[in-house]
Every structure is written in structure tokens, then in C-alpha cells.
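Colleague: File name start31.cif; file contents mmCIF, C-alpha atoms and all ligand atoms; full text below.
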data_query
loop_
_atom_site.group_PDB
_atom_site.id
_atom_site.type_symbol
_atom_site.label_atom_id
_atom_site.label_comp_id
_atom_site.auth_asym_id
_atom_site.auth_seq_id
_atom_site.Cartn_x
_atom_site.Cartn_y
_atom_site.Cartn_z
ATOM 1 C CA MET A 1 -18.925 -8.933 2.520
ATOM 2 C CA THR A 2 -20.848 -11.037 5.045
ATOM 3 C CA ALA A 3 -18.621 -11.998 7.906
ATOM 4 C CA GLN A 4 -19.709 -13.493 11.162
ATOM 5 C CA ILE A 5 -19.617 -10.919 13.956
ATOM 6 C CA ILE A 6 -17.556 -11.950 16.983
ATOM 7 C CA THR A 7 -18.142 -10.361 20.399
ATOM 8 C CA THR A 8 -14.767 -9.772 22.071
ATOM 9 C CA GLY A 9 -13.908 -9.790 25.790
ATOM 10 C CA ASP A 10 -15.070 -6.221 26.472
ATOM 11 C CA GLY A 11 -18.332 -6.615 24.540
ATOM 12 C CA SER A 12 -17.153 -4.815 21.385
ATOM 13 C CA HIS A 13 -17.347 -6.489 17.997
ATOM 14 C CA THR A 14 -14.794 -7.735 15.515
ATOM 15 C CA ILE A 15 -14.761 -10.096 12.542
ATOM 16 C CA CYS A 16 -12.352 -12.656 11.138
ATOM 17 C CA SER A 17 -10.642 -12.097 7.781
ATOM 18 C CA GLU A 18 -11.035 -15.067 5.454
ATOM 19 C CA ARG A 19 -8.067 -13.916 3.418
ATOM 20 C CA TYR A 20 -5.655 -13.645 6.364
ATOM 21 C CA GLY A 21 -7.293 -16.125 8.768
ATOM 22 C CA GLU A 22 -7.041 -13.617 11.630
ATOM 23 C CA THR A 23 -9.434 -11.409 13.553
ATOM 24 C CA TYR A 24 -9.287 -7.667 12.968
ATOM 25 C CA HIS A 25 -8.831 -7.044 16.705
ATOM 26 C CA SER A 26 -7.924 -8.918 19.864
ATOM 27 C CA ILE A 27 -10.642 -11.324 20.929
ATOM 28 C CA ASN A 28 -9.856 -10.225 24.509
ATOM 29 C CA GLY A 29 -11.348 -6.797 23.770
ATOM 30 C CA ALA A 30 -11.332 -4.791 20.533
ATOM 31 C CA ILE A 31 -11.999 -1.410 22.128
ATOM 32 C CA THR A 32 -9.597 -2.107 25.003
ATOM 33 C CA GLU A 33 -6.841 -3.079 22.561
ATOM 34 C CA SER A 34 -7.391 -0.029 20.368
ATOM 35 C CA ARG A 35 -7.254 2.398 23.295
ATOM 36 C CA HIS A 36 -4.224 0.712 24.889
ATOM 37 C CA VAL A 37 -2.042 0.017 21.849
ATOM 38 C CA PHE A 38 -2.823 3.076 19.772
ATOM 39 C CA LEU A 39 -4.543 6.024 21.460
ATOM 40 C CA GLU A 40 -2.686 5.745 24.776
ATOM 41 C CA ALA A 41 0.695 4.258 23.827
ATOM 42 C CA ALA A 42 1.212 6.543 20.816
ATOM 43 C CA GLY A 43 0.582 9.612 22.981
ATOM 44 C CA VAL A 44 -2.530 10.593 21.031
ATOM 45 C CA SER A 45 -4.923 10.652 24.016
ATOM 46 C CA GLN A 46 -2.543 12.930 25.856
ATOM 47 C CA ARG A 47 -2.023 15.267 22.892
ATOM 48 C CA LEU A 48 -5.754 15.601 22.269
ATOM 49 C CA ALA A 49 -6.492 16.191 25.969
ATOM 50 C CA GLN A 50 -3.968 19.045 25.812
ATOM 51 C CA GLN A 51 -5.710 20.321 22.636
ATOM 52 C CA GLN A 52 -2.561 19.898 20.569
ATOM 53 C CA PRO A 53 -3.313 19.658 16.818
ATOM 54 C CA THR A 54 -2.483 16.060 15.962
ATOM 55 C CA ARG A 55 -1.685 14.183 12.756
ATOM 56 C CA VAL A 56 -2.126 10.413 12.728
ATOM 57 C CA LEU A 57 -1.146 7.947 9.996
ATOM 58 C CA GLU A 58 -2.710 4.490 10.200
ATOM 59 C CA ILE A 59 -1.645 1.415 8.257
ATOM 60 C CA GLY A 60 -4.726 -0.818 7.975
ATOM 61 C CA PHE A 61 -7.984 1.144 8.400
ATOM 62 C CA GLY A 62 -9.988 -2.088 8.535
ATOM 63 C CA LEU A 63 -13.235 -1.608 10.456
ATOM 64 C CA GLY A 64 -12.374 1.981 11.346
ATOM 65 C CA LEU A 65 -12.308 1.367 15.087
ATOM 66 C CA ASN A 66 -9.036 3.196 15.772
ATOM 67 C CA PHE A 67 -10.268 6.149 13.739
ATOM 68 C CA LEU A 68 -13.683 6.316 15.445
ATOM 69 C CA LEU A 69 -12.173 6.326 18.949
ATOM 70 C CA THR A 70 -9.494 8.879 18.006
ATOM 71 C CA ALA A 71 -11.929 11.223 16.233
ATOM 72 C CA ASP A 72 -14.445 10.967 19.085
ATOM 73 C CA LEU A 73 -11.754 11.932 21.579
ATOM 74 C CA ALA A 74 -10.606 14.867 19.423
ATOM 75 C CA LEU A 75 -14.186 16.193 19.288
ATOM 76 C CA GLN A 76 -14.607 15.736 23.044
ATOM 77 C CA HIS A 77 -11.539 17.906 23.671
ATOM 78 C CA GLY A 78 -12.080 20.355 20.800
ATOM 79 C CA ALA A 79 -8.674 19.386 19.364
ATOM 80 C CA ALA A 80 -7.747 19.446 15.671
ATOM 81 C CA LEU A 81 -7.123 15.996 14.150
ATOM 82 C CA ASP A 82 -5.770 15.253 10.665
ATOM 83 C CA TYR A 83 -6.070 11.463 10.312
ATOM 84 C CA HIS A 84 -4.752 9.594 7.259
ATOM 85 C CA ALA A 85 -5.346 5.877 6.839
ATOM 86 C CA TYR A 86 -4.503 3.235 4.228
ATOM 87 C CA GLU A 87 -6.719 0.295 3.377
ATOM 88 C CA HIS A 88 -6.214 -1.965 0.372
ATOM 89 C CA ASP A 89 -9.428 -4.002 0.772
ATOM 90 C CA PRO A 90 -12.452 -1.730 0.275
ATOM 91 C CA SER A 91 -14.894 -4.617 0.884
ATOM 92 C CA VAL A 92 -14.184 -4.504 4.625
ATOM 93 C CA LEU A 93 -15.624 -0.976 4.866
ATOM 94 C CA LEU A 94 -19.110 -2.364 4.142
ATOM 95 C CA THR A 95 -19.121 -4.180 7.489
ATOM 96 C CA ILE A 96 -18.604 -1.110 9.703
ATOM 97 C CA ALA A 97 -22.318 -0.271 9.903
ATOM 98 C CA SER A 98 -23.137 -3.718 11.351
ATOM 99 C CA LEU A 99 -20.839 -3.369 14.378
ATOM 100 C CA ASN A 100 -21.578 -1.938 17.840
ATOM 101 C CA TYR A 101 -18.810 0.689 18.075
ATOM 102 C CA VAL A 102 -21.352 3.497 18.465
ATOM 103 C CA ASP A 103 -21.961 2.261 22.035
ATOM 104 C CA TRP A 104 -18.465 3.502 22.945
ATOM 105 C CA LEU A 105 -18.689 6.896 21.240
ATOM 106 C CA THR A 106 -19.528 10.115 23.057
ATOM 107 C CA ASP A 107 -20.740 11.632 19.795
ATOM 108 C CA PRO A 108 -22.592 9.121 17.579
ATOM 109 C CA GLN A 109 -22.314 11.558 14.664
ATOM 110 C CA VAL A 110 -18.701 10.478 14.200
ATOM 111 C CA LEU A 111 -19.962 7.118 12.965
ATOM 112 C CA ASP A 112 -22.826 8.643 10.937
ATOM 113 C CA LYS A 113 -20.444 11.004 9.172
ATOM 114 C CA LEU A 114 -17.936 8.243 8.468
ATOM 115 C CA LEU A 115 -20.634 6.018 6.974
ATOM 116 C CA SER A 116 -22.166 8.770 4.835
ATOM 117 C CA GLY A 117 -18.722 9.893 3.681
ATOM 118 C CA LEU A 118 -17.843 6.339 2.678
ATOM 119 C CA ALA A 119 -21.188 5.931 0.880
ATOM 120 C CA ASP A 120 -20.507 9.122 -1.109
ATOM 121 C CA SER A 121 -16.926 8.193 -1.906
ATOM 122 C CA LYS A 122 -17.795 5.924 -4.860
ATOM 123 C CA GLN A 123 -14.635 3.960 -4.211
ATOM 124 C CA GLN A 124 -12.310 6.810 -5.066
ATOM 125 C CA THR A 125 -8.701 6.089 -4.268
ATOM 126 C CA GLN A 126 -8.646 9.016 -1.846
ATOM 127 C CA THR A 127 -11.681 10.025 0.245
ATOM 128 C CA HIS A 128 -11.730 13.109 2.435
ATOM 129 C CA ILE A 129 -14.329 13.070 5.237
ATOM 130 C CA CYS A 130 -14.929 15.829 7.766
ATOM 131 C CA VAL A 131 -16.540 14.440 10.931
ATOM 132 C CA GLY A 132 -16.509 17.665 12.942
ATOM 133 C CA GLN A 133 -14.771 21.001 13.268
ATOM 134 C CA ASN A 134 -11.102 20.459 12.351
ATOM 135 C CA VAL A 135 -11.480 16.686 12.608
ATOM 136 C CA THR A 136 -10.873 15.030 9.252
ATOM 137 C CA LEU A 137 -10.144 11.637 7.777
ATOM 138 C CA THR A 138 -8.292 11.084 4.516
ATOM 139 C CA LEU A 139 -8.790 7.456 3.568
ATOM 140 C CA HIS A 140 -6.381 6.155 0.941
ATOM 141 C CA GLN A 141 -7.915 3.060 -0.627
ATOM 142 C CA ALA A 142 -4.535 1.769 -1.712
ATOM 143 C CA ASP A 143 -1.669 -0.513 -0.820
ATOM 144 C CA ALA A 144 0.426 1.361 1.741
ATOM 145 C CA VAL A 145 3.568 -0.540 0.770
ATOM 146 C CA GLN A 146 3.328 0.190 -2.955
ATOM 147 C CA GLU A 147 2.030 3.781 -2.852
ATOM 148 C CA PRO A 148 3.988 6.840 -1.766
ATOM 149 C CA LEU A 149 2.864 7.861 1.746
ATOM 150 C CA PRO A 150 1.596 11.393 2.358
ATOM 151 C CA PRO A 151 4.578 13.640 2.873
ATOM 152 C CA GLY A 152 5.112 15.409 6.129
ATOM 153 C CA SER A 153 5.072 15.154 9.738
ATOM 154 C CA PHE A 154 2.806 12.709 11.477
ATOM 155 C CA ASP A 155 2.825 12.818 15.266
ATOM 156 C CA ALA A 156 1.630 9.235 15.613
ATOM 157 C CA LEU A 157 1.678 6.118 13.452
ATOM 158 C CA TYR A 158 -0.739 3.290 14.142
ATOM 159 C CA LEU A 159 0.833 0.161 12.620
ATOM 160 C CA ASP A 160 -2.229 -2.096 12.536
ATOM 161 C CA ALA A 161 -1.793 -4.463 9.582
ATOM 162 C CA PHE A 162 -2.430 -8.162 10.111
ATOM 163 C CA SER A 163 0.370 -10.097 11.774
ATOM 164 C CA PRO A 164 3.940 -10.296 10.429
ATOM 165 C CA ASP A 165 3.397 -13.993 9.643
ATOM 166 C CA THR A 166 0.366 -13.466 7.395
ATOM 167 C CA ASN A 167 0.885 -9.877 6.177
ATOM 168 C CA PRO A 168 4.727 -9.710 5.970
ATOM 169 C CA GLU A 169 5.018 -6.848 3.461
ATOM 170 C CA CYS A 170 3.891 -4.356 6.134
ATOM 171 C CA TRP A 171 6.645 -5.345 8.580
ATOM 172 C CA THR A 172 9.868 -4.903 6.592
ATOM 173 C CA MET A 173 12.800 -2.615 7.242
ATOM 174 C CA SER A 174 12.235 -0.799 3.935
ATOM 175 C CA PHE A 175 8.577 -0.118 4.757
ATOM 176 C CA PHE A 176 9.547 1.085 8.233
ATOM 177 C CA ALA A 177 12.094 3.455 6.655
ATOM 178 C CA LYS A 178 9.250 4.882 4.542
ATOM 179 C CA LEU A 179 7.144 5.307 7.691
ATOM 180 C CA LEU A 180 10.005 7.029 9.480
ATOM 181 C CA ALA A 181 10.225 9.553 6.648
ATOM 182 C CA SER A 182 6.572 10.473 7.296
ATOM 183 C CA THR A 183 7.027 10.911 11.050
ATOM 184 C CA THR A 184 7.892 14.112 12.833
ATOM 185 C CA PRO A 185 11.061 13.939 15.012
ATOM 186 C CA GLY A 186 9.897 12.563 18.372
ATOM 187 C CA GLY A 187 6.739 11.151 16.770
ATOM 188 C CA MET A 188 5.661 7.717 17.948
ATOM 189 C CA LEU A 189 4.816 4.482 16.158
ATOM 190 C CA THR A 190 2.999 1.766 18.092
ATOM 191 C CA THR A 191 1.904 -1.740 17.233
ATOM 192 C CA TYR A 192 0.408 -4.768 18.963
ATOM 193 C CA SER A 193 3.237 -6.977 17.686
ATOM 194 C CA ALA A 194 6.194 -7.703 19.953
ATOM 195 C CA LYS A 195 7.984 -9.982 17.486
ATOM 196 C CA GLY A 196 11.793 -9.874 17.609
ATOM 197 C CA SER A 197 12.148 -9.546 13.826
ATOM 198 C CA VAL A 198 9.794 -6.523 13.859
ATOM 199 C CA ARG A 199 11.737 -4.910 16.686
ATOM 200 C CA ARG A 200 15.040 -5.445 14.827
ATOM 201 C CA ALA A 201 13.622 -4.101 11.542
ATOM 202 C CA LEU A 202 12.293 -0.971 13.291
ATOM 203 C CA ILE A 203 15.722 -0.375 14.851
ATOM 204 C CA ALA A 204 17.484 -0.977 11.504
ATOM 205 C CA ALA A 205 15.137 1.567 9.877
ATOM 206 C CA GLY A 206 16.186 4.180 12.428
ATOM 207 C CA PHE A 207 13.494 4.127 15.149
ATOM 208 C CA GLY A 208 14.272 3.991 18.884
ATOM 209 C CA VAL A 209 12.335 0.963 20.101
ATOM 210 C CA LYS A 210 11.138 -0.294 23.475
ATOM 211 C CA LYS A 211 8.781 -3.023 24.638
ATOM 212 C CA MET A 212 5.695 -2.086 26.603
ATOM 213 C CA ALA A 213 3.050 -4.061 28.453
ATOM 214 C CA GLY A 214 0.462 -5.222 25.958
ATOM 215 C CA PRO A 215 -3.338 -5.119 26.179
ATOM 216 C CA PRO A 216 -5.260 -7.956 27.919
ATOM 217 C CA GLY A 217 -4.104 -11.331 26.602
ATOM 218 C CA LYS A 218 -0.772 -9.995 25.340
ATOM 219 C CA ARG A 219 2.282 -9.684 27.557
ATOM 220 C CA GLU A 220 4.194 -7.208 25.369
ATOM 221 C CA MET A 221 3.866 -4.828 22.412
ATOM 222 C CA LEU A 222 6.260 -2.422 20.661
ATOM 223 C CA HIS A 223 6.660 1.335 20.956
ATOM 224 C CA ALA A 224 8.970 3.159 18.543
ATOM 225 C CA THR A 225 10.114 6.779 18.522
ATOM 226 C CA ALA A 226 11.311 8.650 15.434
HETATM 227 C C1 LIG B 1 -5.858 -5.709 11.883
HETATM 228 S S1 LIG B 1 -6.819 -5.030 10.584
HETATM 229 C C2 LIG B 1 -6.970 -3.319 11.015
HETATM 230 C C3 LIG B 1 -8.003 -2.979 12.068
HETATM 231 C C4 LIG B 1 -8.298 -1.489 12.082
HETATM 232 N N1 LIG B 1 -7.140 -0.690 12.320
HETATM 233 C C5 LIG B 1 -9.438 -1.047 12.958
HETATM 234 O O1 LIG B 1 -9.267 -0.120 13.769
HETATM 235 O O2 LIG B 1 -10.543 -1.596 12.803
HETATM 236 C C6 LIG B 1 -5.587 -4.944 9.292
HETATM 237 C C7 LIG B 1 -6.025 -4.203 8.045
HETATM 238 O O3 LIG B 1 -4.852 -3.932 7.265
HETATM 239 C C8 LIG B 1 -5.211 -3.992 5.898
HETATM 240 N N2 LIG B 1 -3.973 -4.141 5.113
HETATM 241 C C9 LIG B 1 -3.119 -5.202 5.091
HETATM 242 N N3 LIG B 1 -2.082 -4.971 4.262
HETATM 243 C C10 LIG B 1 -2.260 -3.729 3.751
HETATM 244 C C11 LIG B 1 -1.535 -2.924 2.834
HETATM 245 N N4 LIG B 1 -0.394 -3.368 2.260
HETATM 246 N N5 LIG B 1 -1.998 -1.686 2.525
HETATM 247 C C12 LIG B 1 -3.164 -1.227 3.078
HETATM 248 N N6 LIG B 1 -3.914 -1.953 3.954
HETATM 249 C C13 LIG B 1 -3.467 -3.189 4.292
HETATM 250 C C14 LIG B 1 -6.140 -5.203 5.852
HETATM 251 O O4 LIG B 1 -6.930 -5.237 4.680
HETATM 252 C C15 LIG B 1 -6.956 -4.998 7.135
HETATM 253 O O5 LIG B 1 -8.127 -4.279 6.882
#
Could you spell out this file's structure in C-alpha cells?
Modeller:
Amino acid sequence: MTAQIITTGDGSHTICSERYGETYHSINGAITESRHVFLEAAGVSQRLAQQQPTRVLEIGFGLGLNFLLTADLALQHGAALDYHAYEHDPSVLLTIASLNYVDWLTDPQVLDKLLSGLADSKQQTQTHICVGQNVTLTLHQADAVQEPLPPGSFDALYLDAFSPDTNPECWTMSFFAKLLASTTPGGMLTTYSAKGSVRRALIAAGFGVKKMAGPPGKREMLHATA
């Protein structure tokens, strides 16, 4: 996959998906968006700082940015992290090595271990990568909507598919009900979308939903509690 690298507002990279016609991150700042919408809003930064063992489920692994920042923070605090992510387009993983995310990592080994784990994975449907003590990634190379999600109790859900207009199957009430079943009571789901139909579908699936201030360039985003 050779995609043109785009430098976003905070200097971090992203690319544009030909298939969906959208960038993988906000052009106003990929790192800033990831920290604001996912690590901070879903309570993950706070949990890790308090060294609480944390389970994260991500829909749309993409370029691995959310994972890299979350794993780096877990290692910084010596907190256990069990991170599961779904990605149905394995070709995107080949781009990760070309991007500048290492400049934002405290421990560059997080990226090295991700890349070597992906290289060894031989496109298995499920790849388990250990990036540090008690910090693991399970990457499901599968369609999150079609496949059963891992059972159990995730503390945080990063809903980071492409937008509801171009990637509608990831924003339905029935998919949200499946996500709710994987979330621990009080667990949090966050997403960059603030669309009314998404908010209503999350509520219909059983989440408690509120709007929050979005990252730069976006007035609002959604925060849901199981
Ligand atoms: C906005 S990008 C994710 C960016 C990523 N979270 C990051 O930190 O770099 C959306 C991703 O969702 C993936 N995706 C879309 N629909 C999916 C599905 N049904 N199952 C699994 N992955 C999906 C796309 O292939 C794409 O890589």
C-alpha cells in the first residue's frame, strides 16, 4: 500500500483511505485527536496513571496510533494493559513503519515490538504481541461487525471506524448492543463522531450518552457509559 503521507496540524502523520475517501485521523492533529478522544475521554489515561489494570477494545486499528500511545503510557506508569483491536484491512498495517509516531513515544521499543510482531504474524486472523511487561496487543484481523467480539469486560472502547456516512455498518444499534455486551458496567465508549443518529443508536442499545467538547477542529464528540 503506497499512500501519500499527510502532516496534520500537530506535526504527526496520517494518510487518506482510497476506499473510504477519508483520512485516518483529524487533519488538525492526529496525536492530539487520539489523546483527546480516546486516551483522555475514555478514562484510560487516568486508569493507567493510577496503575489500574486496563482492558481496551478498539474498533478500527488502522495505523495503530491509538494503540501506540496507550501502550506507551501503560509502560510509563508500569500498569497492565490488555488491548484488543479489530482491523479488516491488513494492507493498512504495512504503512505504520513509514509514519513519525515514534517521535511522540517515551519508549521507542513499543513501535519496534509492534512492527516485529506484525512481521511475524503471517497474516493470521489473531496476532498476540507483547510490547512490555503486562502490556499486550491482540489484533483481530477480521470484520468486527461480522465476528463475535472477545467476551468479557472491557474498561474502555475506542470506536474509531471511518465516519457513519462512509462506514455505516460500524454505527448501528445492533453493533452497539454487541459492544455493550463486551463492556464492564461503568466502562466507557468514546468516539469522534457527534452525529445525532449515532447518539440515538447508542442510547437505544443501552448506553448512557453525553456530548463532550471535541478535539481541535471539532466542536463536539460522544461519550457513552455502559
Ligand atoms: C479511522 S481509521 C482508524 C485509525 C486508528 N484507530 C489509529 O489509531 O490509527 C478506521 C479503521 O477502521 C477499519 N474498519 C472499518 N470497518 C471495519 C470493520 N467492520 N471491522 C474492522 N475494521 C474496520 C478501517 O479499515 C480503518 O483502518
Colleague: Quote the spacing between CA of Lys218 in chain A and CA of Thr184 in chain A in Å to one decimal place.
Modeller: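 Distance between the two atoms: 28.5 Å.
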Colleague: Please find the residues contacting ligand LIG 1 (chain B) at a distance of at most 9 Å between atoms, with only C-alpha atoms and all ligand atoms counted, and report them as number ranges by chain.
Modeller: A: 14, 17, 19-20, 22-26, 30-31, 34, 58-69, 85-93, 96, 140-147, 158-163, 167-170
Colleague: Env of Ser12 in chain A: 10 Å cut, atoms = all atoms listed in the file, seq-sep filter 5 positions within chain, self excluded. Answer as number ranges by chain.
Modeller: A: 5-7, 25, 27-32, 99-104
Colleague: Report, in Å with one decimal, the straight-line distance from CA of Arg55 in chain A to CA of Arg199 in chain A.
Modeller: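 Between CA of Arg55 in chain A and CA of Arg199 in chain A the gap is 23.7 Å.
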Colleague: In Å, rounded to a single decimal, give me how far CA of Leu48 in chain A is from CA of Leu81 in chain A.
Modeller: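 Taking CA of Leu81 in chain A as the start and CA of Leu48 in chain A as the end point, the length is 8.2 Å.
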Colleague: From the set A:Thr54, A:Gln46, A:Gln4, A:Asn134, which residue has the shortest atom-to-atom contact distance to Glu18 in chain A, counting only C-alpha atoms?
Modeller: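 Counting only C-alpha atoms, the residue closest to Glu18 in chain A is A:Gln4.
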Colleague: Env of Ser116 in chain A: 12 Å cut, atoms = all atoms listed in the file, seq-sep filter 3 positions within chain, self excluded. Answer as a list in words.
Modeller: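 Skipping anything fewer than 3 positions along the chain leaves Leu93, Leu94, Ile96, Ala97, Gln109, Val110, Leu111, Asp112, Lys113, Ala119, Asp120, Ser121, Lys122, Thr127, His128, Ile129, Cys130 and Val131 of chain A.
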Colleague: So which one's closest to Gly186 in chain A, A:Ala42, A:Ala49, A:Ala226, A:Leu73? Using all atoms listed in the file, please.
Modeller: A:Ala226
